[in-house]
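Student: Sharing run-v4.cif here; it has mmCIF, N, CA and C atoms.
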```
data_coords
#
loop_
_atom_site.label_atom_id
_atom_site.label_comp_id
_atom_site.auth_asym_id
_atom_site.auth_seq_id
_atom_site.Cartn_x
_atom_site.Cartn_y
_atom_site.Cartn_z
N MET P 23 6.34 -27.14 5.45
CA MET P 23 6.02 -25.73 5.50
C MET P 23 5.00 -25.41 4.42
N LYS P 24 3.95 -24.73 4.81
CA LYS P 24 2.89 -24.37 3.89
C LYS P 24 3.32 -23.16 3.08
N LEU P 25 3.28 -23.25 1.76
CA LEU P 25 3.69 -22.16 0.90
C LEU P 25 2.54 -21.52 0.17
N GLN P 26 1.35 -22.08 0.30
CA GLN P 26 0.18 -21.54 -0.37
C GLN P 26 -0.58 -20.62 0.59
N PRO P 27 -1.18 -19.54 0.05
CA PRO P 27 -1.98 -18.68 0.92
C PRO P 27 -3.20 -19.41 1.44
N ASP P 28 -3.72 -18.96 2.57
CA ASP P 28 -4.92 -19.54 3.15
C ASP P 28 -6.16 -19.21 2.33
N ARG P 29 -6.13 -18.07 1.64
CA ARG P 29 -7.29 -17.62 0.88
C ARG P 29 -6.88 -17.32 -0.55
N PHE P 30 -7.77 -17.58 -1.49
CA PHE P 30 -7.51 -17.31 -2.89
C PHE P 30 -8.52 -16.32 -3.45
N ASP P 31 -9.43 -15.81 -2.62
CA ASP P 31 -10.50 -14.93 -3.08
C ASP P 31 -10.19 -13.47 -2.82
N THR P 32 -8.93 -13.10 -2.78
CA THR P 32 -8.53 -11.73 -2.51
C THR P 32 -7.56 -11.26 -3.57
N LEU P 33 -7.41 -9.96 -3.71
CA LEU P 33 -6.41 -9.42 -4.62
C LEU P 33 -5.02 -9.67 -4.06
N ALA P 34 -4.09 -10.00 -4.95
CA ALA P 34 -2.72 -10.25 -4.53
C ALA P 34 -1.77 -9.40 -5.36
N ILE P 35 -0.66 -9.04 -4.75
CA ILE P 35 0.41 -8.37 -5.47
C ILE P 35 1.26 -9.49 -6.07
N THR P 36 1.26 -9.59 -7.40
CA THR P 36 1.90 -10.73 -8.06
C THR P 36 3.25 -10.40 -8.67
N GLY P 37 3.66 -9.15 -8.58
CA GLY P 37 4.98 -8.77 -9.08
C GLY P 37 5.24 -7.32 -8.75
N HIS P 38 6.52 -6.94 -8.79
CA HIS P 38 6.88 -5.55 -8.57
C HIS P 38 8.25 -5.29 -9.14
N GLY P 39 8.49 -4.04 -9.46
CA GLY P 39 9.79 -3.61 -9.98
C GLY P 39 9.86 -2.11 -9.87
N PRO P 40 10.97 -1.53 -10.29
CA PRO P 40 11.09 -0.07 -10.21
C PRO P 40 9.98 0.62 -11.02
N GLY P 41 9.14 1.38 -10.33
CA GLY P 41 8.09 2.13 -10.99
C GLY P 41 6.82 1.37 -11.32
N TRP P 42 6.64 0.17 -10.79
CA TRP P 42 5.41 -0.58 -11.07
C TRP P 42 5.18 -1.69 -10.05
N VAL P 43 3.93 -2.11 -9.96
CA VAL P 43 3.54 -3.33 -9.26
C VAL P 43 2.52 -4.04 -10.14
N ALA P 44 2.31 -5.31 -9.90
CA ALA P 44 1.28 -6.06 -10.60
C ALA P 44 0.27 -6.57 -9.58
N VAL P 45 -1.01 -6.36 -9.87
CA VAL P 45 -2.10 -6.81 -9.02
C VAL P 45 -2.86 -7.87 -9.80
N ASN P 46 -2.84 -9.10 -9.27
CA ASN P 46 -3.45 -10.24 -9.96
C ASN P 46 -3.01 -10.30 -11.42
N GLY P 47 -1.73 -10.04 -11.65
CA GLY P 47 -1.15 -10.15 -12.98
C GLY P 47 -1.22 -8.90 -13.84
N GLU P 48 -1.95 -7.88 -13.41
CA GLU P 48 -2.07 -6.65 -14.19
C GLU P 48 -1.06 -5.62 -13.69
N GLN P 49 -0.17 -5.19 -14.57
CA GLN P 49 0.87 -4.24 -14.19
C GLN P 49 0.29 -2.83 -14.07
N VAL P 50 0.66 -2.15 -12.97
CA VAL P 50 0.18 -0.80 -12.68
C VAL P 50 1.40 0.08 -12.43
N ALA P 51 1.45 1.26 -13.08
CA ALA P 51 2.62 2.13 -12.98
C ALA P 51 2.30 3.44 -12.27
N HIS P 52 1.35 3.41 -11.34
CA HIS P 52 1.03 4.59 -10.55
C HIS P 52 0.65 4.15 -9.14
N SER P 53 0.65 5.08 -8.23
CA SER P 53 0.31 4.77 -6.83
C SER P 53 -1.09 4.20 -6.76
N LEU P 54 -1.27 3.24 -5.86
CA LEU P 54 -2.57 2.61 -5.72
C LEU P 54 -2.77 2.06 -4.33
N VAL P 55 -4.04 1.75 -4.04
CA VAL P 55 -4.45 1.15 -2.78
C VAL P 55 -5.14 -0.16 -3.12
N VAL P 56 -4.77 -1.21 -2.41
CA VAL P 56 -5.37 -2.52 -2.61
C VAL P 56 -5.84 -3.03 -1.25
N SER P 57 -7.06 -3.55 -1.21
CA SER P 57 -7.55 -4.11 0.05
C SER P 57 -7.80 -5.59 -0.10
N ALA P 58 -7.66 -6.29 0.99
CA ALA P 58 -7.90 -7.73 1.00
C ALA P 58 -9.36 -8.05 0.70
N ARG P 59 -10.25 -7.06 0.85
CA ARG P 59 -11.67 -7.27 0.55
C ARG P 59 -11.97 -7.17 -0.94
N GLY P 60 -10.96 -6.85 -1.75
CA GLY P 60 -11.15 -6.82 -3.20
C GLY P 60 -11.21 -5.44 -3.82
N ASP P 61 -10.95 -4.41 -3.03
CA ASP P 61 -10.96 -3.05 -3.57
C ASP P 61 -9.59 -2.71 -4.15
N ARG P 62 -9.59 -2.04 -5.30
CA ARG P 62 -8.36 -1.50 -5.87
C ARG P 62 -8.66 -0.09 -6.34
N LEU P 63 -7.95 0.89 -5.76
CA LEU P 63 -8.19 2.29 -6.04
C LEU P 63 -6.91 2.97 -6.47
N ASP P 64 -7.03 3.93 -7.38
CA ASP P 64 -5.90 4.78 -7.69
C ASP P 64 -5.63 5.66 -6.48
N TRP P 65 -4.39 5.88 -6.18
CA TRP P 65 -3.98 6.74 -5.07
C TRP P 65 -3.24 7.91 -5.70
N HIS P 66 -3.87 9.04 -5.78
CA HIS P 66 -3.38 10.16 -6.57
C HIS P 66 -2.25 10.91 -5.88
N CYS P 67 -1.08 10.30 -5.92
CA CYS P 67 0.13 10.91 -5.36
C CYS P 67 1.32 10.30 -6.10
N ASP P 68 2.16 11.14 -6.66
CA ASP P 68 3.28 10.61 -7.44
C ASP P 68 4.65 10.82 -6.81
N ARG P 69 4.66 11.36 -5.58
CA ARG P 69 5.94 11.48 -4.86
C ARG P 69 5.68 11.61 -3.36
N PHE P 70 6.62 11.14 -2.59
CA PHE P 70 6.50 11.10 -1.14
C PHE P 70 6.21 12.49 -0.55
N GLU P 71 6.89 13.50 -1.07
CA GLU P 71 6.76 14.85 -0.53
C GLU P 71 5.36 15.44 -0.77
N ALA P 72 4.59 14.86 -1.66
CA ALA P 72 3.25 15.37 -1.98
C ALA P 72 2.15 14.73 -1.13
N LEU P 73 2.49 13.78 -0.26
CA LEU P 73 1.48 13.14 0.58
C LEU P 73 0.82 14.15 1.52
N THR P 74 -0.48 14.01 1.68
CA THR P 74 -1.25 14.88 2.57
C THR P 74 -2.09 14.01 3.51
N PRO P 75 -2.64 14.59 4.56
CA PRO P 75 -3.53 13.82 5.43
C PRO P 75 -4.70 13.21 4.65
N GLU P 76 -5.17 13.89 3.62
CA GLU P 76 -6.30 13.39 2.83
C GLU P 76 -5.98 12.07 2.14
N HIS P 77 -4.73 11.87 1.75
CA HIS P 77 -4.36 10.59 1.13
C HIS P 77 -4.63 9.43 2.09
N PHE P 78 -4.32 9.63 3.35
CA PHE P 78 -4.52 8.57 4.33
C PHE P 78 -5.96 8.51 4.83
N GLU P 79 -6.63 9.65 4.88
CA GLU P 79 -8.04 9.67 5.31
C GLU P 79 -8.92 8.85 4.37
N GLN P 80 -8.61 8.84 3.08
CA GLN P 80 -9.45 8.09 2.15
C GLN P 80 -9.41 6.59 2.43
N LEU P 81 -8.42 6.13 3.15
CA LEU P 81 -8.32 4.70 3.48
C LEU P 81 -9.35 4.28 4.52
N LEU P 82 -9.87 5.24 5.28
CA LEU P 82 -10.86 4.93 6.31
C LEU P 82 -12.10 4.25 5.73
N ALA P 83 -12.51 4.63 4.52
CA ALA P 83 -13.70 4.07 3.91
C ALA P 83 -13.57 2.56 3.66
N LEU P 84 -12.35 2.06 3.60
CA LEU P 84 -12.12 0.63 3.36
C LEU P 84 -12.20 -0.19 4.65
N ARG P 85 -12.31 0.48 5.77
CA ARG P 85 -12.48 -0.14 7.09
C ARG P 85 -11.44 -1.22 7.41
N PRO P 86 -10.16 -0.87 7.27
CA PRO P 86 -9.13 -1.87 7.58
C PRO P 86 -8.85 -1.96 9.07
N GLU P 87 -8.25 -3.07 9.48
CA GLU P 87 -7.70 -3.14 10.82
C GLU P 87 -6.23 -2.71 10.80
N LEU P 88 -5.62 -2.78 9.61
CA LEU P 88 -4.21 -2.44 9.46
C LEU P 88 -3.99 -1.86 8.07
N VAL P 89 -3.19 -0.80 8.01
CA VAL P 89 -2.73 -0.23 6.75
C VAL P 89 -1.23 -0.48 6.65
N VAL P 90 -0.81 -1.06 5.54
CA VAL P 90 0.60 -1.21 5.24
C VAL P 90 0.94 -0.16 4.19
N PHE P 91 1.83 0.76 4.54
CA PHE P 91 2.21 1.84 3.63
C PHE P 91 3.55 1.51 3.00
N GLY P 92 3.56 1.38 1.69
CA GLY P 92 4.79 1.18 0.92
C GLY P 92 5.31 2.53 0.47
N SER P 93 6.43 2.96 1.04
CA SER P 93 6.91 4.33 0.86
C SER P 93 7.76 4.54 -0.39
N GLY P 94 7.80 3.58 -1.29
CA GLY P 94 8.59 3.73 -2.50
C GLY P 94 9.80 2.81 -2.48
N GLU P 95 10.78 3.16 -3.27
CA GLU P 95 11.98 2.32 -3.40
C GLU P 95 12.80 2.25 -2.12
N ARG P 96 12.64 3.23 -1.26
CA ARG P 96 13.37 3.20 0.02
C ARG P 96 12.41 3.51 1.16
N LEU P 97 12.80 3.11 2.35
CA LEU P 97 11.98 3.30 3.54
C LEU P 97 12.00 4.77 3.96
N ARG P 98 10.79 5.36 4.04
CA ARG P 98 10.62 6.72 4.53
C ARG P 98 9.35 6.75 5.36
N PHE P 99 9.43 7.39 6.52
CA PHE P 99 8.28 7.43 7.42
C PHE P 99 7.50 8.73 7.22
N PRO P 100 6.17 8.62 7.02
CA PRO P 100 5.37 9.84 6.91
C PRO P 100 5.28 10.54 8.27
N ALA P 101 5.11 11.85 8.22
CA ALA P 101 4.96 12.64 9.44
C ALA P 101 3.72 12.15 10.19
N PRO P 102 3.78 12.12 11.51
CA PRO P 102 2.63 11.66 12.30
C PRO P 102 1.32 12.38 11.96
N ALA P 103 1.39 13.65 11.61
CA ALA P 103 0.17 14.40 11.28
C ALA P 103 -0.55 13.80 10.07
N LEU P 104 0.19 13.19 9.16
CA LEU P 104 -0.43 12.58 7.98
C LEU P 104 -1.27 11.36 8.36
N LEU P 105 -0.89 10.69 9.42
CA LEU P 105 -1.53 9.44 9.83
C LEU P 105 -2.57 9.63 10.93
N ARG P 106 -2.78 10.85 11.35
CA ARG P 106 -3.64 11.13 12.51
C ARG P 106 -5.02 10.47 12.39
N SER P 107 -5.66 10.59 11.23
CA SER P 107 -7.03 10.05 11.09
C SER P 107 -7.04 8.53 11.30
N LEU P 108 -6.03 7.84 10.82
CA LEU P 108 -5.98 6.39 11.02
C LEU P 108 -5.77 6.05 12.49
N VAL P 109 -4.86 6.73 13.13
CA VAL P 109 -4.57 6.48 14.54
C VAL P 109 -5.80 6.78 15.40
N GLU P 110 -6.50 7.87 15.10
CA GLU P 110 -7.69 8.22 15.87
C GLU P 110 -8.80 7.18 15.73
N HIS P 111 -8.79 6.43 14.64
CA HIS P 111 -9.78 5.37 14.44
C HIS P 111 -9.23 4.00 14.85
N HIS P 112 -8.12 3.99 15.56
CA HIS P 112 -7.51 2.76 16.09
C HIS P 112 -7.14 1.78 14.98
N ILE P 113 -6.66 2.33 13.88
CA ILE P 113 -6.20 1.51 12.76
C ILE P 113 -4.68 1.50 12.80
N GLY P 114 -4.12 0.31 12.82
CA GLY P 114 -2.67 0.18 12.84
C GLY P 114 -2.06 0.60 11.52
N VAL P 115 -0.85 1.13 11.58
CA VAL P 115 -0.14 1.55 10.37
C VAL P 115 1.29 1.02 10.46
N GLU P 116 1.71 0.34 9.42
CA GLU P 116 3.09 -0.13 9.30
C GLU P 116 3.68 0.49 8.04
N THR P 117 4.88 1.01 8.15
CA THR P 117 5.56 1.62 7.01
C THR P 117 6.76 0.79 6.64
N MET P 118 6.93 0.56 5.35
CA MET P 118 8.09 -0.17 4.84
C MET P 118 8.29 0.22 3.39
N ASP P 119 9.42 -0.19 2.80
CA ASP P 119 9.59 0.11 1.38
C ASP P 119 8.54 -0.70 0.60
N THR P 120 8.31 -0.32 -0.63
CA THR P 120 7.22 -0.92 -1.40
C THR P 120 7.39 -2.42 -1.60
N ARG P 121 8.60 -2.89 -1.84
CA ARG P 121 8.82 -4.34 -2.01
C ARG P 121 8.37 -5.11 -0.76
N ALA P 122 8.79 -4.65 0.41
CA ALA P 122 8.41 -5.31 1.66
C ALA P 122 6.91 -5.18 1.90
N ALA P 123 6.34 -4.03 1.56
CA ALA P 123 4.90 -3.83 1.75
C ALA P 123 4.10 -4.82 0.91
N CYS P 124 4.54 -5.08 -0.30
CA CYS P 124 3.85 -6.04 -1.17
C CYS P 124 3.86 -7.43 -0.55
N ARG P 125 5.01 -7.86 -0.07
CA ARG P 125 5.12 -9.19 0.54
C ARG P 125 4.26 -9.28 1.81
N THR P 126 4.33 -8.25 2.65
CA THR P 126 3.59 -8.25 3.90
C THR P 126 2.09 -8.27 3.65
N TYR P 127 1.63 -7.45 2.72
CA TYR P 127 0.21 -7.44 2.36
C TYR P 127 -0.24 -8.83 1.92
N ASN P 128 0.51 -9.46 1.04
CA ASN P 128 0.11 -10.79 0.54
C ASN P 128 -0.03 -11.80 1.68
N ILE P 129 0.88 -11.76 2.61
CA ILE P 129 0.82 -12.70 3.74
C ILE P 129 -0.43 -12.43 4.58
N LEU P 130 -0.64 -11.17 4.95
CA LEU P 130 -1.77 -10.83 5.81
C LEU P 130 -3.11 -11.04 5.09
N ALA P 131 -3.20 -10.67 3.82
CA ALA P 131 -4.44 -10.89 3.07
C ALA P 131 -4.71 -12.38 2.93
N GLY P 132 -3.67 -13.16 2.72
CA GLY P 132 -3.83 -14.61 2.61
C GLY P 132 -4.32 -15.25 3.90
N GLU P 133 -4.06 -14.59 5.03
CA GLU P 133 -4.53 -15.07 6.33
C GLU P 133 -5.95 -14.60 6.64
N GLY P 134 -6.53 -13.79 5.73
CA GLY P 134 -7.89 -13.32 5.95
C GLY P 134 -7.98 -12.05 6.78
N ARG P 135 -6.88 -11.35 6.96
CA ARG P 135 -6.89 -10.12 7.76
C ARG P 135 -7.51 -8.98 6.95
N ARG P 136 -8.11 -8.01 7.64
CA ARG P 136 -8.67 -6.82 6.99
C ARG P 136 -7.54 -5.81 6.80
N VAL P 137 -6.71 -6.07 5.81
CA VAL P 137 -5.53 -5.27 5.56
C VAL P 137 -5.70 -4.48 4.27
N VAL P 138 -5.13 -3.29 4.27
CA VAL P 138 -5.06 -2.43 3.09
C VAL P 138 -3.60 -2.09 2.87
N VAL P 139 -3.16 -2.14 1.62
CA VAL P 139 -1.81 -1.69 1.30
C VAL P 139 -1.93 -0.44 0.44
N ALA P 140 -1.22 0.61 0.84
CA ALA P 140 -1.15 1.85 0.09
C ALA P 140 0.27 1.94 -0.47
N LEU P 141 0.38 1.82 -1.79
CA LEU P 141 1.69 1.73 -2.42
C LEU P 141 2.01 3.01 -3.17
N LEU P 142 3.06 3.66 -2.76
CA LEU P 142 3.54 4.86 -3.43
C LEU P 142 4.45 4.44 -4.58
N ILE P 143 4.00 4.70 -5.80
CA ILE P 143 4.80 4.46 -6.99
C ILE P 143 5.18 5.83 -7.52
N GLU P 144 6.43 6.19 -7.33
CA GLU P 144 6.84 7.54 -7.66
C GLU P 144 7.17 7.68 -9.14
N ALA P 145 6.80 8.84 -9.67
CA ALA P 145 7.12 9.17 -11.06
C ALA P 145 8.64 9.24 -11.19
N GLU P 146 9.15 8.68 -12.26
CA GLU P 146 10.59 8.73 -12.46
C GLU P 146 11.00 10.15 -12.76
N THR P 147 12.17 10.52 -12.24
CA THR P 147 12.70 11.86 -12.48
C THR P 147 13.98 11.74 -13.29
N GLY P 148 14.28 12.80 -13.94
CA GLY P 148 15.51 12.80 -14.73
C GLY P 148 15.27 12.18 -16.09
N GLY P 149 16.22 12.29 -16.93
CA GLY P 149 16.10 11.74 -18.27
C GLY P 149 17.36 11.00 -18.65
N GLN P 150 17.30 10.39 -19.80
CA GLN P 150 18.45 9.66 -20.29
C GLN P 150 19.40 10.63 -20.99
N THR P 151 20.65 10.36 -20.85
CA THR P 151 21.64 11.15 -21.56
C THR P 151 22.13 10.34 -22.73
N GLY P 152 22.49 10.99 -23.77
CA GLY P 152 22.88 10.20 -24.93
C GLY P 152 24.02 10.70 -25.68
#
```
Please express the file's structure as structure tokens.
Tutor:
Amino acid sequence: MKLQPDRFDTLAITGHGPGWVAVNGEQVAHSLVVSARGDRLDWHCDRFEALTPEHFEQLLALRPELVVFGSGERLRFPAPALLRSLVEHHIGVETMDTRAACRTYNILAGEGRRVVVALLIEAETGGQTG
């Protein structure tokens, strides 16, 4: 069984945990977009409820064949109206929790697919009690 990716010239998600992901070893603690073509963009949204159609429209410029949306620590599906621009451009969209989205992106990017992953990293709420 082959365990190495087919390509090494793309950005990879190399780690993840509550409130962060690592892209090629660099830890990031905010929402971001990563493309297999080497683009990494901040995605200015800190909670699922704040997502707008514009968040998904900005992904069109990356010209993906597929968008993998990581919805945070748990699986949540965005309203169809949010994804309209992607669907109208015949771009596939898959939604999963962020951990699964990271793994799926790495596999597809390693195969040379034109994939973009949009990862929602939500701001932590609440505080510590002492």
Student: If you take every atom of segment 27-46 of chain P that the file lists and fit an axis-aligned box around them with 4 Å extra on each side, what centre and edge lengths come out in Å to one decimal, as JSON?
Tutor:
```
{"center_x": 0.3, "center_y": -8.7, "center_z": -4.1, "size_x": 29.6, "size_y": 29.7, "size_z": 22.6}
```
Student: Expand the PyMOL selection byres (((chain P and resi 121-129 and name CA) around 10) and name CA) into the explicit residue set it covers here, and present it as a VMD selection string.
Tutor: chain P and resid 26 to 29 32 to 40 43 to 45 56 to 58 88 to 97 116 to 120 130 to 135 137 to 141
Student: Would you mind reading off the distance between atom C of Gly41 of chain P and atom CA of Asp68 of chain P, one decimal, in Å?
Tutor: 10.6 Å
Student: Hey, what's within 8 Å of His112 of chain P if we count all atoms listed in the file and toss same-chain stuff fewer than 5 positions away? As JSON, numbers by chain, please?
Tutor: {"P": [86, 87, 88, 106, 107]}
Student: Grab the residues selected above and save them as an mmCIF file, in the frame of the given file with N, CA and C atoms.
Tutor:
```
data_model
loop_
_atom_site.group_PDB
_atom_site.id
_atom_site.type_symbol
_atom_site.label_atom_id
_atom_site.label_comp_id
_atom_site.auth_asym_id
_atom_site.auth_seq_id
_atom_site.Cartn_x
_atom_site.Cartn_y
_atom_site.Cartn_z
ATOM 1 N N PRO P 86 -10.160 -0.870 7.270
ATOM 2 C CA PRO P 86 -9.130 -1.870 7.580
ATOM 3 C C PRO P 86 -8.850 -1.960 9.070
ATOM 4 N N GLU P 87 -8.250 -3.070 9.480
ATOM 5 C CA GLU P 87 -7.700 -3.140 10.820
ATOM 6 C C GLU P 87 -6.230 -2.710 10.800
ATOM 7 N N LEU P 88 -5.620 -2.780 9.610
ATOM 8 C CA LEU P 88 -4.210 -2.440 9.460
ATOM 9 C C LEU P 88 -3.990 -1.860 8.070
ATOM 10 N N ARG P 106 -2.780 10.850 11.350
ATOM 11 C CA ARG P 106 -3.640 11.130 12.510
ATOM 12 C C ARG P 106 -5.020 10.470 12.390
ATOM 13 N N SER P 107 -5.660 10.590 11.230
ATOM 14 C CA SER P 107 -7.030 10.050 11.090
ATOM 15 C C SER P 107 -7.040 8.530 11.300
#
```
Student: Got a sec to tell me which of chain P DSSP assigns to alpha helix (DSSP H), as a PyMOL selection string?
Tutor: chain P and resi 75-79+102-110+120-132
Student: Could you tell me which residues the PyMOL selection byres ((chain P and resi 52) around 6) returns for this structure, as a list in words?
Tutor: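 Those residues are Gly41, Trp42, Val50, Ala51, Ser53, Leu54, Leu142 and Ile143 of chain P.
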Student: Atom C of Arg136 of chain P to atom CA of Glu71 of chain P: how many Å, to one decimal?
Tutor: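 One can read the atom C of Arg136 of chain P to atom CA of Glu71 of chain P distance as 26.2 Å.
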Student: Atom CA of Thr74 of chain P and atom CA of Pro102 of chain P are how many Å apart?
Tutor: 11.0 Å
Student: Name the closest residue to Ala145 of chain P among the candidates P:Phe99, P:Phe70, P:Phe78, P:Trp65; distances are taken between atoms, counting all atoms listed in the file.
Tutor: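 Nearest candidate to Ala145 of chain P out of P:Phe99, P:Phe70, P:Phe78, P:Trp65: P:Phe70.
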